[in-house]
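J.: Following this line is input_9.txt, made up of compact mmCIF, C-alpha atoms and all ligand atoms:
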```txt
# COMPACT_ATOMS: atom_id res chain seq x y z
CA MET K 1 15.84 15.02 -13.25
CA VAL K 2 12.22 13.98 -13.23
CA GLU K 3 10.23 12.69 -16.17
CA ILE K 4 7.12 14.52 -17.28
CA VAL K 5 4.57 11.78 -17.94
CA GLY K 6 1.81 14.01 -19.24
CA VAL K 7 0.83 17.56 -20.09
CA GLU K 8 -2.71 18.82 -19.61
CA ALA K 9 -4.54 20.44 -22.48
CA ASP K 10 -5.31 24.17 -22.00
CA SER K 11 -2.35 24.56 -19.67
CA ILE K 12 0.80 26.66 -19.54
CA ALA K 13 2.91 23.52 -20.01
CA ASN K 14 1.09 22.79 -23.25
CA GLU K 15 1.41 26.39 -24.42
CA ILE K 16 5.19 26.52 -23.87
CA GLY K 17 5.69 23.26 -25.74
CA LEU K 18 6.35 20.75 -22.98
CA GLU K 19 5.55 17.16 -23.91
CA LYS K 20 5.22 13.76 -22.36
CA GLY K 21 8.71 12.26 -22.10
CA ASP K 22 10.51 15.58 -21.47
CA ARG K 23 12.56 15.75 -18.30
CA LEU K 24 12.51 18.55 -15.78
CA ILE K 25 16.04 19.43 -14.66
CA SER K 26 15.48 22.39 -12.36
CA ILE K 27 13.23 25.32 -11.52
CA ASN K 28 14.84 28.69 -10.74
CA GLY K 29 18.17 26.81 -10.80
CA LYS K 30 17.05 24.48 -7.99
CA LEU K 31 16.91 20.71 -8.34
CA MET K 32 13.56 19.21 -7.40
CA ARG K 33 13.53 16.58 -4.65
CA ASP K 34 9.80 16.08 -4.73
CA TYR K 35 6.41 17.53 -5.57
CA ILE K 36 6.70 19.84 -2.56
CA ASP K 37 9.76 21.56 -4.12
CA PHE K 38 7.93 21.71 -7.44
CA LYS K 39 4.89 23.40 -5.88
CA TYR K 40 7.09 25.77 -3.87
CA GLN K 41 9.21 26.87 -6.84
CA THR K 42 6.22 27.31 -9.15
CA SER K 43 4.07 29.17 -6.65
CA ASP K 44 5.18 32.59 -7.92
CA VAL K 45 4.04 34.45 -11.03
CA PHE K 46 7.52 34.17 -12.54
CA PHE K 47 9.90 31.21 -12.64
CA ILE K 48 12.48 29.60 -14.93
CA LEU K 49 12.11 26.00 -16.04
CA GLU K 50 15.15 24.02 -17.21
CA VAL K 51 14.08 21.07 -19.29
CA GLU K 52 15.73 18.30 -21.29
CA LYS K 53 13.46 17.67 -24.27
CA LYS K 54 12.88 14.13 -25.33
CA ASN K 55 14.88 14.81 -28.53
CA GLY K 56 17.87 15.73 -26.34
CA GLU K 57 17.56 19.54 -26.70
CA HIS K 58 18.19 21.66 -23.63
CA TRP K 59 15.54 24.34 -22.96
CA GLU K 60 15.46 27.15 -20.48
CA ILE K 61 12.00 28.68 -20.38
CA GLU K 62 10.96 31.81 -18.54
CA VAL K 63 7.38 31.44 -17.41
CA GLU K 64 5.27 34.40 -16.48
CA ARG K 65 1.77 33.52 -15.51
CA ASN K 66 -1.43 34.48 -13.88
CA LEU K 67 -1.77 32.34 -10.72
CA GLU K 68 -5.22 31.18 -11.83
CA GLU K 69 -3.73 29.57 -14.95
CA LYS K 70 -3.14 25.85 -14.79
CA LEU K 71 0.51 24.79 -15.03
CA GLY K 72 -0.50 21.31 -16.22
CA ILE K 73 2.70 19.25 -15.73
CA ILE K 74 2.01 15.65 -14.68
CA PHE K 75 4.54 13.41 -12.90
CA ASN K 76 4.30 9.74 -12.05
CA ASP K 77 5.42 10.09 -8.46
CA ILE K 78 5.41 12.73 -5.78
CA ILE K 79 8.92 11.78 -4.65
CA PHE K 80 11.57 12.60 -7.28
CA ASP K 81 14.65 11.52 -5.30
CA ASN K 82 14.87 8.42 -3.12
CA LEU K 83 11.94 7.25 -1.05
CA MET K 84 12.78 7.47 2.65
CA LEU K 85 12.62 3.97 4.04
CA CYS K 86 11.63 2.81 7.49
CA GLN K 87 14.52 2.13 9.84
CA ASN K 88 12.40 0.40 12.46
CA ASN K 89 11.62 -3.21 13.02
CA CYS K 90 8.37 -2.94 14.96
CA ILE K 91 7.22 -6.02 16.81
CA PHE K 92 3.72 -5.50 15.38
CA CYS K 93 4.73 -4.58 11.82
CA PHE K 94 2.01 -5.75 9.42
CA ILE K 95 4.49 -6.01 6.56
CA GLN K 96 6.47 -8.71 8.37
CA GLN K 97 3.38 -10.83 8.83
CA GLN K 98 2.17 -10.80 5.25
CA ALA K 99 1.50 -13.90 3.21
CA PRO K 100 4.55 -15.21 1.35
CA GLY K 101 4.77 -14.38 -2.35
CA LEU K 102 2.94 -11.06 -2.24
CA ARG K 103 4.03 -8.45 -4.79
CA LYS K 104 7.14 -6.51 -3.81
CA THR K 105 5.42 -3.13 -3.50
CA LEU K 106 3.34 -4.50 -0.61
CA LYS K 107 6.52 -5.28 1.27
CA LEU K 108 7.99 -1.83 0.87
CA LYS K 109 8.52 -0.22 4.26
CA ASP K 110 8.40 3.50 3.55
CA ASP K 111 8.58 6.11 6.28
CA ASP K 112 8.64 9.33 4.28
CA TYR K 113 7.45 12.66 5.68
CA ARG K 114 6.66 13.84 2.13
CA PHE K 115 3.98 11.13 1.87
CA SER K 116 2.75 12.10 5.30
CA PHE K 117 2.30 15.74 4.30
CA LEU K 118 0.97 15.13 0.78
CA GLN K 119 -1.06 11.94 1.25
CA GLY K 120 -1.63 11.55 4.97
CA SER K 121 0.39 8.40 5.67
CA PHE K 122 1.75 7.91 9.19
CA ILE K 123 5.48 8.33 9.86
CA THR K 124 7.63 7.60 12.90
CA LEU K 125 10.21 10.46 12.75
CA THR K 126 13.00 7.95 13.54
CA ASN K 127 14.74 8.45 10.17
CA LEU K 128 14.84 12.26 10.13
CA ASN K 129 18.07 14.17 10.52
CA ASP K 130 18.35 17.86 11.40
CA LEU K 131 18.36 18.89 7.74
CA GLU K 132 15.03 17.19 7.12
CA PHE K 133 13.53 18.70 10.27
CA GLU K 134 14.73 22.13 9.11
CA ARG K 135 13.10 21.53 5.73
CA ILE K 136 9.81 20.60 7.41
CA PHE K 137 9.95 23.83 9.42
CA LYS K 138 11.06 26.04 6.51
CA LEU K 139 8.41 24.75 4.12
CA ASN K 140 5.82 24.60 6.91
CA LEU K 141 4.87 21.01 6.11
CA SER K 142 1.88 20.92 8.38
CA PRO K 143 -0.03 18.87 9.36
CA LEU K 144 1.90 15.60 9.49
CA ASN K 145 0.58 12.23 10.66
CA ILE K 146 2.77 10.58 13.28
CA SER K 147 2.82 7.05 14.71
CA ILE K 148 3.59 7.44 18.40
CA HIS K 149 2.64 4.06 19.94
CA THR K 150 3.96 5.18 23.31
CA THR K 151 5.67 8.22 24.79
CA ASN K 152 7.68 6.02 27.15
CA PRO K 153 11.13 6.25 25.51
CA ARG K 154 12.38 2.80 26.53
CA LEU K 155 9.11 1.10 25.64
CA ARG K 156 9.01 2.84 22.24
CA GLU K 157 12.59 1.69 21.55
CA ARG K 158 11.57 -1.85 22.52
CA MET K 159 8.37 -1.88 20.48
CA MET K 160 9.99 -0.37 17.40
CA ARG K 161 13.32 -2.09 17.95
CA ASN K 162 15.18 1.10 17.15
CA TYR K 163 17.35 2.94 19.65
CA LYS K 164 16.39 6.23 18.00
CA ALA K 165 12.69 5.70 18.72
CA GLY K 166 13.01 6.98 22.32
CA GLU K 167 13.55 10.53 21.04
CA ILE K 168 9.88 10.98 20.22
CA LEU K 169 9.02 13.62 22.83
CA ASN K 170 12.02 15.74 21.82
CA HIS K 171 10.96 15.54 18.19
CA LEU K 172 7.41 16.52 19.07
CA ARG K 173 8.71 19.49 21.08
CA ARG K 174 10.64 20.69 18.03
CA LEU K 175 7.53 20.38 15.87
CA LYS K 176 5.48 22.30 18.40
CA GLU K 177 8.10 25.08 18.63
CA ALA K 178 8.00 25.40 14.84
CA ASN K 179 4.20 25.42 14.97
CA ILE K 180 3.88 22.25 12.89
CA ASN K 181 0.57 20.50 13.58
CA PHE K 182 0.11 16.75 13.57
CA ASN K 183 -2.35 13.92 14.00
CA ALA K 184 -1.04 11.03 16.07
CA GLN K 185 -1.81 7.35 16.25
CA ILE K 186 -1.16 4.59 18.74
CA VAL K 187 -1.25 0.96 17.61
CA LEU K 188 -2.34 -0.68 20.81
CA CYS K 189 -0.76 -4.00 21.76
CA PRO K 190 -2.35 -5.64 24.83
CA GLY K 191 0.06 -6.00 27.72
CA LEU K 192 2.59 -3.56 26.24
CA ASN K 193 1.46 0.00 25.58
CA ASP K 194 -2.08 -0.20 26.95
CA LYS K 195 -3.58 0.54 30.40
CA LYS K 196 -1.18 2.70 32.49
CA GLU K 197 1.23 3.13 29.59
CA LEU K 198 -1.66 4.40 27.48
CA ASP K 199 -2.68 6.81 30.24
CA LYS K 200 0.85 8.17 30.28
CA SER K 201 0.97 8.51 26.49
CA ILE K 202 -2.39 10.29 26.30
CA ASN K 203 -1.40 12.60 29.11
CA ASP K 204 2.01 13.42 27.57
CA LEU K 205 0.50 13.98 24.15
CA SER K 206 -2.29 16.17 25.48
CA LEU K 207 0.40 18.69 26.46
CA PHE K 208 1.13 19.22 22.77
CA ARG K 209 -2.32 20.63 22.08
CA PRO K 210 -3.29 22.57 20.05
CA ASN K 211 -0.52 21.38 17.71
CA ILE K 212 -1.61 17.80 18.13
CA ILE K 213 -4.93 17.85 16.31
CA SER K 214 -6.13 14.35 17.18
CA LEU K 215 -5.01 11.04 18.61
CA GLY K 216 -6.33 7.79 17.12
CA ILE K 217 -6.11 4.52 19.01
CA VAL K 218 -6.20 1.42 16.79
CA PRO K 219 -5.89 -2.27 17.70
CA VAL K 220 -2.83 -4.23 16.57
CA GLY K 221 -3.54 -6.25 13.41
CA LEU K 222 -2.43 -9.87 13.58
CA THR K 223 -2.31 -12.23 10.61
CA LYS K 224 -1.74 -15.99 10.67
CA TYR K 225 1.85 -15.47 9.46
CA ARG K 226 3.46 -14.72 12.81
CA LYS K 227 5.64 -17.76 13.22
CA GLY K 228 8.91 -16.76 14.90
CA LEU K 229 7.69 -13.20 15.51
CA TYR K 230 7.12 -11.47 18.85
CA PRO K 231 4.17 -13.11 20.66
CA LEU K 232 1.37 -10.54 20.58
CA LYS K 233 -2.15 -10.89 21.92
CA LYS K 234 -5.28 -9.78 20.12
CA TYR K 235 -8.09 -7.73 21.60
CA ASP K 236 -11.17 -9.50 22.93
CA ALA K 237 -14.55 -8.08 23.95
CA LYS K 238 -13.64 -7.46 27.60
CA MET K 239 -10.37 -5.77 26.76
CA ALA K 240 -12.10 -3.61 24.14
CA LYS K 241 -14.78 -2.61 26.69
CA ASN K 242 -12.14 -1.56 29.23
CA LEU K 243 -10.26 0.38 26.61
CA LEU K 244 -13.38 2.28 25.55
CA THR K 245 -14.09 3.20 29.18
CA GLN K 246 -10.51 4.42 29.54
CA ILE K 247 -10.77 6.56 26.41
CA SER K 248 -14.13 7.96 27.36
CA LEU K 249 -12.70 9.06 30.74
CA TRP K 250 -9.87 10.82 28.95
CA GLN K 251 -12.30 12.48 26.56
CA LYS K 252 -14.21 13.89 29.52
CA LYS K 253 -11.04 14.96 31.28
CA ILE K 254 -9.30 16.77 28.46
CA MET K 255 -12.05 17.87 26.12
CA HIS K 256 -10.36 20.68 24.25
CA ASN K 257 -12.12 23.46 22.34
CA ASP K 258 -15.23 21.28 22.33
CA SER K 259 -13.27 18.49 20.64
CA ASN K 260 -12.91 14.98 22.04
CA TRP K 261 -9.39 14.93 20.61
CA VAL K 262 -8.75 11.24 21.36
CA TYR K 263 -10.71 8.59 19.41
CA ALA K 264 -10.92 4.80 19.31
CA ALA K 265 -11.11 2.76 16.09
CA ASP K 266 -14.57 1.50 15.08
CA GLU K 267 -13.26 -2.04 15.55
CA PHE K 268 -13.11 -1.59 19.33
CA TYR K 269 -16.81 -0.66 19.47
CA TYR K 270 -17.83 -3.69 17.43
CA LEU K 271 -15.64 -5.98 19.53
CA ALA K 272 -17.07 -4.59 22.75
CA ASP K 273 -20.59 -4.61 21.30
CA LYS K 274 -20.97 -0.92 22.15
CA ASP K 275 -22.76 1.78 20.18
CA ILE K 276 -20.65 3.72 17.71
CA PRO K 277 -20.33 7.37 18.89
CA SER K 278 -22.55 10.07 17.38
CA TYR K 279 -21.55 12.14 14.34
CA GLU K 280 -20.72 15.15 16.53
CA GLU K 281 -18.43 13.15 18.78
CA TYR K 282 -16.00 12.62 15.89
CA ASP K 283 -15.33 16.38 15.57
CA GLY K 284 -15.02 16.48 11.79
CA PHE K 285 -13.51 12.97 11.47
CA PRO K 286 -9.77 13.78 11.64
CA GLN K 287 -8.78 10.08 11.72
CA LEU K 288 -10.88 8.54 8.95
CA GLU K 289 -7.78 7.06 7.25
CA ASN K 290 -7.31 5.04 10.42
CA GLY K 291 -10.79 3.53 10.24
CA ILE K 292 -12.00 5.86 12.98
CA GLY K 293 -15.56 6.99 12.42
CA LEU K 294 -16.11 5.27 9.06
CA SER K 295 -19.30 3.56 10.23
CA ARG K 296 -20.82 6.72 11.63
CA LEU K 297 -19.94 8.70 8.53
CA MET K 298 -21.58 6.07 6.31
CA TRP K 299 -24.74 5.99 8.46
CA ASN K 300 -24.88 9.75 8.37
CA LYS K 301 -24.63 9.81 4.58
CA PHE K 302 -27.35 7.18 4.42
CA LYS K 303 -29.57 9.16 6.77
CA LYS K 304 -29.33 12.15 4.44
CA LEU K 305 -30.37 9.98 1.50
CA GLU K 306 -33.05 8.10 3.40
CA ASN K 307 -35.94 10.41 2.57
CA THR K 308 -35.18 10.04 -1.14
CA LEU K 309 -35.65 6.25 -0.98
CA PRO K 310 -38.64 4.85 -2.87
CA LYS K 311 -41.31 2.70 -1.18
CA ARG K 312 -40.98 0.03 -3.84
CA VAL K 313 -38.74 -0.86 -6.77
CA LYS K 314 -39.04 -3.23 -9.71
CA TYR K 315 -37.87 -6.68 -8.53
CA ASN K 316 -34.14 -6.40 -7.76
CA LYS K 317 -32.04 -9.01 -6.00
CA VAL K 318 -28.46 -8.07 -5.14
CA THR K 319 -25.61 -9.66 -3.20
CA ILE K 320 -23.30 -7.30 -1.31
CA ILE K 321 -19.83 -8.59 -0.47
CA THR K 322 -18.11 -7.26 2.59
CA SER K 323 -15.87 -8.29 5.49
CA VAL K 324 -16.81 -9.50 8.97
CA LEU K 325 -16.45 -5.94 10.27
CA GLY K 326 -18.10 -4.44 7.19
CA LYS K 327 -21.17 -6.58 7.78
CA LYS K 328 -21.60 -5.12 11.24
CA ALA K 329 -21.34 -1.61 9.81
CA LEU K 330 -23.74 -2.27 6.92
CA LYS K 331 -26.35 -4.21 8.88
CA PRO K 332 -28.49 -1.25 10.06
CA VAL K 333 -28.46 0.22 6.55
CA ILE K 334 -29.54 -3.05 4.97
CA LYS K 335 -32.27 -3.50 7.58
CA ARG K 336 -33.81 -0.19 6.47
CA LEU K 337 -33.36 -0.94 2.77
CA LEU K 338 -35.14 -4.26 3.10
CA LYS K 339 -38.32 -2.32 3.90
CA ILE K 340 -38.39 -1.32 0.22
CA GLU K 341 -40.83 -3.54 -1.62
CA GLY K 342 -39.26 -5.53 -4.46
CA LEU K 343 -35.71 -5.19 -3.10
CA PHE K 344 -33.88 -8.30 -1.91
CA ILE K 345 -30.37 -8.10 -0.49
CA ASP K 346 -27.92 -10.78 0.61
CA LEU K 347 -25.20 -9.29 2.75
CA ILE K 348 -22.32 -11.77 2.66
CA SER K 349 -19.30 -11.37 4.91
CA ILE K 350 -16.12 -12.99 3.66
CA LYS K 351 -13.89 -14.66 6.19
CA ASN K 352 -10.25 -13.82 5.61
CA TYR K 353 -8.55 -17.19 5.06
CA PHE K 354 -5.72 -15.47 3.18
CA PHE K 355 -4.38 -13.45 6.13
CA GLY K 356 -6.11 -15.40 8.88
CA LEU K 357 -9.49 -15.22 10.55
CA ASP K 358 -8.41 -12.51 12.99
CA VAL K 359 -8.21 -10.08 10.07
CA THR K 360 -11.73 -8.71 9.74
CA VAL K 361 -11.43 -5.45 7.80
CA THR K 362 -12.76 -4.99 4.25
CA GLY K 363 -9.59 -3.40 2.88
CA LEU K 364 -7.70 -6.69 3.31
CA LEU K 365 -10.18 -8.97 1.53
CA THR K 366 -8.77 -11.01 -1.33
CA ALA K 367 -10.37 -12.19 -4.57
CA GLY K 368 -9.44 -15.78 -3.71
CA ASP K 369 -11.48 -15.69 -0.51
CA ILE K 370 -14.37 -14.01 -2.31
CA ILE K 371 -14.38 -16.73 -5.02
CA HIS K 372 -14.12 -19.49 -2.41
CA THR K 373 -17.02 -18.11 -0.37
CA LEU K 374 -19.31 -17.37 -3.31
CA LYS K 375 -18.82 -20.84 -4.73
CA ASN K 376 -20.37 -22.29 -1.62
CA LYS K 377 -23.37 -19.96 -1.61
CA LYS K 378 -26.43 -19.27 -3.66
CA VAL K 379 -25.84 -15.72 -4.80
CA SER K 380 -27.82 -13.17 -6.82
CA ASN K 381 -27.06 -12.26 -10.40
CA LYS K 382 -25.92 -8.82 -9.32
CA ILE K 383 -22.95 -8.73 -6.98
CA ILE K 384 -21.44 -5.62 -5.40
CA LEU K 385 -17.74 -5.80 -4.51
CA PRO K 386 -16.00 -3.37 -2.12
CA LYS K 387 -13.78 -0.87 -3.92
CA ILE K 388 -11.52 -0.48 -0.89
CA ALA K 389 -10.15 -4.02 -1.41
CA ILE K 390 -8.93 -3.23 -4.94
CA ASN K 391 -5.93 -1.06 -5.89
CA ASP K 392 -5.80 1.61 -8.65
CA LYS K 393 -4.71 -1.04 -11.13
CA GLY K 394 -7.72 -3.21 -10.36
CA TYR K 395 -5.97 -5.88 -8.28
CA PHE K 396 -6.84 -7.40 -4.93
CA LEU K 397 -4.01 -8.11 -2.48
CA ASP K 398 -3.64 -11.68 -3.78
CA ASP K 399 -2.89 -10.30 -7.28
CA LEU K 400 -6.19 -11.51 -8.71
CA ASN K 401 -8.54 -9.03 -10.34
CA LEU K 402 -12.18 -8.68 -11.33
CA GLU K 403 -11.59 -10.70 -14.51
CA ASP K 404 -10.42 -13.64 -12.38
CA ILE K 405 -13.63 -13.45 -10.36
CA LYS K 406 -15.77 -13.09 -13.49
CA LYS K 407 -14.18 -16.20 -15.01
CA GLU K 408 -15.53 -18.21 -12.08
CA PHE K 409 -19.00 -16.64 -12.29
CA PRO K 410 -19.55 -15.78 -15.97
CA ASP K 411 -23.32 -15.38 -15.64
CA LYS K 412 -23.13 -12.73 -12.89
CA ASP K 413 -22.87 -8.95 -13.15
CA PHE K 414 -20.31 -7.39 -10.86
CA TYR K 415 -20.28 -3.80 -9.59
CA ILE K 416 -17.38 -2.25 -7.70
CA LYS K 417 -18.64 0.38 -5.27
CA GLY K 418 -16.82 2.44 -2.70
CA ASP K 419 -19.56 4.15 -0.75
CA ILE K 420 -23.19 3.97 0.25
CA GLN K 421 -24.29 6.18 -2.65
CA GLY K 422 -22.68 3.77 -5.12
CA ILE K 423 -24.34 0.80 -3.44
CA LEU K 424 -27.74 2.55 -3.63
CA GLU K 425 -27.28 3.12 -7.35
CA VAL K 426 -27.14 -0.63 -7.88
CA LEU K 427 -29.95 -1.37 -5.43
CA ILE K 428 -32.50 1.25 -6.44
CA GLY K 429 -31.09 3.18 -9.41
CA ASP K 430 -29.92 6.80 -9.49
S1 LIG K 501 7.34 1.83 11.14
FE1 LIG K 501 7.17 -0.17 12.09
S2 LIG K 501 5.14 -0.87 11.45
FE2 LIG K 501 5.72 0.78 10.07
S3 LIG K 501 6.72 -0.21 8.33
FE3 LIG K 501 8.31 0.35 9.78
S4 LIG K 501 8.60 -1.50 10.98
FE4 LIG K 501 6.64 -1.72 9.98
```
Can I see the file as structure tokens?
T.:
Amino acid sequence: MVEIVGVEADSIANEIGLEKGDRLISINGKLMRDYIDFKYQTSDVFFILEVEKKNGEHWEIEVERNLEEKLGIIFNDIIFDNLMLCQNNCIFCFIQQQAPGLRKTLKLKDDDYRFSFLQGSFITLTNLNDLEFERIFKLNLSPLNISIHTTNPRLRERMMRNYKAGEILNHLRRLKEANINFNAQIVLCPGLNDKKELDKSINDLSLFRPNIISLGIVPVGLTKYRKGLYPLKKYDAKMAKNLLTQISLWQKKIMHNDSNWVYAADEFYYLADKDIPSYEEYDGFPQLENGIGLSRLMWNKFKKLENTLPKRVKYNKVTIITSVLGKKALKPVIKRLLKIEGLFIDLISIKNYFFGLDVTVTGLLTAGDIIHTLKNKKVSNKIILPKIAINDKGYFLDDLNLEDIKKEFPDKDFYIKGDIQGILEVLIGD
């Protein structure tokens, strides 16, 4: 049974008398495992809902509808049964190297193909039995996002510390046979799955085209909490340069349907001090969730807005908060904006003391580090904070929120912005 947490106005659910607090028992006599079942069973013009009303009554409602009409039932979660948990123990797992005392939800190791299909998270396929594979095929849950790391079976078992991890190529073959598409990622750990191992993985994976839509290569993330964990190295400029050359050779070799198909994370380009590829080279940005192409996409959006920028504005001084990596991405944009008369911008990068200085991405900034840095700087009265560092409930990863920041700087105005358009609204108005 799954609780209905809301009913939209002007919807079928509202019309047939469903209310917040009712519980959905079945549709067409079938129990619902997740939102995928719900969508599947309600995709027809006719279906039967079995509901337990919040007053305890049992309703069976025959629904006949026009497919354009909104059903309007809201659930809290997309998984109605148990979340599928990760059965791996990867040597590079970010969750194992988190700061002590973080909220429990940040330590949850999920590995659920439903999330992968509905929300784009990456899964490893190591916890799927035949029944789940059959369900993926039957419901055509495509595309999925899959963490590969390496196609070398023994190395994958070693890196993920799971004897089932070596089955990856067999699993991918099954997906291909069922015509399920997927994006793949490799978390690159120097000395383990890079160089020749990476060549082998790219080559093996290229044989799954066109079902494999894209392959993203991202550097391993290392925090300062690695005591007692597998000794991993971080990427430096030279290693990043070599990696980019290797990827560019592969792009030339296997360019498929005019698509580069394999892409490196923006971080590698900044580390190697190399130009970020052009907009076209990202082929529609299939790996944005992985931080691949974010900089280019932002610059492109800015370029489109550039001819709408004024020559001057009424005096406006703004501080923009970002990460070490974010600063590199924003720099060219700020350089152009500073040509606007009357506009003054401080671009402040926050070092990540919370997770360690090797963590340079904006999504992992904490309010504590922001407060600490701002206290030691002369900042403007208007401060823009990055939305990506704050969850839906308004909290940073260290469980502090905007109110905690405001308490420290009561005379400042804070703006939370998630993209270049939002930043421009604060800098120059609508
Ligand atoms: S798959 Fe590996 S990296 Fe992901 S949560 Fe599980 S152990 Fe951690």
J.: Choose the residue, out of K:Asn391, K:Gln287, K:Thr319, K:Ser121, that has the smallest atom-to-atom separation from ligand LIG 501 (chain K); count only C-alpha atoms and all ligand atoms.
T.: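 Closest to ligand LIG 501 (chain K), using only C-alpha atoms and all ligand atoms: K:Ser121.
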J.: List the neighbours of Leu31 (chain K) out to 12 Å using only C-alpha atoms; skip same-chain residues closer than 2 positions along the sequence, and give me the result as a ChimeraX atom specification.
T.: /K:1-2,23-29,33-38,40-41,48-51,80-81
J.: Grab the CA of Leu125 (chain K) to CA of Asp112 (chain K) distance for me, in Å with one decimal place.
T.: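 These atoms are spaced 8.7 Å apart.
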J.: Which polymer residues have any atom within 10 Å of an atom of Leu118 (chain K), counting all atoms listed in the file, with same-chain residues fewer than 5 positions away left out, as a PyMOL selection string?
T.: chain K and resi 35-36+78+113+141-144
J.: Using only C-alpha atoms and all ligand atoms, which residues of the polymer chains come no farther than 8 Å from ligand LIG 501 (chain K)? I'd like the answer as a list in words.
T.: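 Counting only C-alpha atoms and all ligand atoms, the residues within 8 Å of ligand LIG 501 (chain K) come out as Cys86, Gln87, Asn88, Asn89, Cys90, Ile91, Phe92, Cys93, Phe94, Ile95, Gln96, Leu108, Lys109, Asp110, Asp111, Ile123, Thr124, Ser147 and Met160 of chain K.
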J.: Any idea what the distance is between CA of Arg161 (chain K) and CA of His149 (chain K)?
T.: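 Computing it gives 12.5 Å between the two atoms.
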J.: In terms of the shortest atom-to-atom distance over all atoms listed in the file, which of K:Phe117, K:Gly56, K:Leu222, K:Ile148 is closest to Asn181 (chain K)?
T.: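 Answer, going by the shortest atom-to-atom distance: K:Phe117.
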J.: With only C-alpha atoms as the basis for distance, which of K:Gly342, K:Ile388, K:Gly293, K:Phe285 is at the shortest distance from Thr322 (chain K)?
T.: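 Comparing K:Gly342, K:Ile388, K:Gly293, K:Phe285 against Thr322 (chain K), the winner is K:Ile388.
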J.: Nearest to Gly291 (chain K) among K:Lys274, K:Trp261, K:Val218, K:Met239, with distances taken over only C-alpha atoms: which residue is it?
T.: K:Val218
J.: Around the point (-11.6, -11.8, 9.3) (coordinates from the file), which residues reach within 8 Å if we count all atoms listed in the file? Answer as a ChimeraX atom specification.
T.: /K:323-325,350-353,356-361
J.: Using CA of Asn401 (chain K) and CA of Ala367 (chain K) as the two end points, give the distance in Å to one decimal.
T.: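 It comes out at 6.8 Å.
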J.: Of the candidates K:Asp258, K:Ala272, K:Leu175, K:Lys164, which one gets nearest to Lys138 (chain K) if we count all atoms listed in the file?
T.: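 So, comparing all the options, the nearest one is K:Leu175.
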J.: So which residues touch Thr151 (chain K) within 12 Å, counting all atoms listed in the file, skipping near sequence neighbours fewer than 4 positions away, as a VMD selection string?
T.: chain K and resid 147 155 to 159 165 to 172 184 to 186 193 to 194 196 to 207
J.: Find the spatial neighbours of Asp411 (chain K), counting all atoms listed in the file, within a cut-off of 8 Å - ignore same-chain residues fewer than 2 positions away - and output them as a PyMOL selection string.
T.: chain K and resi 381+409+413
J.: Find, counting all atoms listed in the file, the residue in K:Leu244, K:Leu309, K:Ile16, K:Ile136 that gets nearest to Glu341 (chain K).
T.: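 Result for the nearest residue to Glu341 (chain K): K:Leu309.
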J.: Name the residues in contact with Leu67 (chain K) at a cut-off of 10 Å, using only C-alpha atoms, excluding same-chain residues fewer than 5 positions from it; report them as JSON, numbers by chain.
T.: {"K": [42, 43, 44, 45, 46]}
J.: Restricting it to C-alpha atoms, dump the selection as an mmCIF file, in the frame of the given file.
T.:
```cif
data_model
loop_
_atom_site.group_PDB
_atom_site.id
_atom_site.type_symbol
_atom_site.label_atom_id
_atom_site.label_comp_id
_atom_site.auth_asym_id
_atom_site.auth_seq_id
_atom_site.Cartn_x
_atom_site.Cartn_y
_atom_site.Cartn_z
ATOM 1 C CA THR K 42 6.220 27.310 -9.150
ATOM 2 C CA SER K 43 4.070 29.170 -6.650
ATOM 3 C CA ASP K 44 5.180 32.590 -7.920
ATOM 4 C CA VAL K 45 4.040 34.450 -11.030
ATOM 5 C CA PHE K 46 7.520 34.170 -12.540
#
```
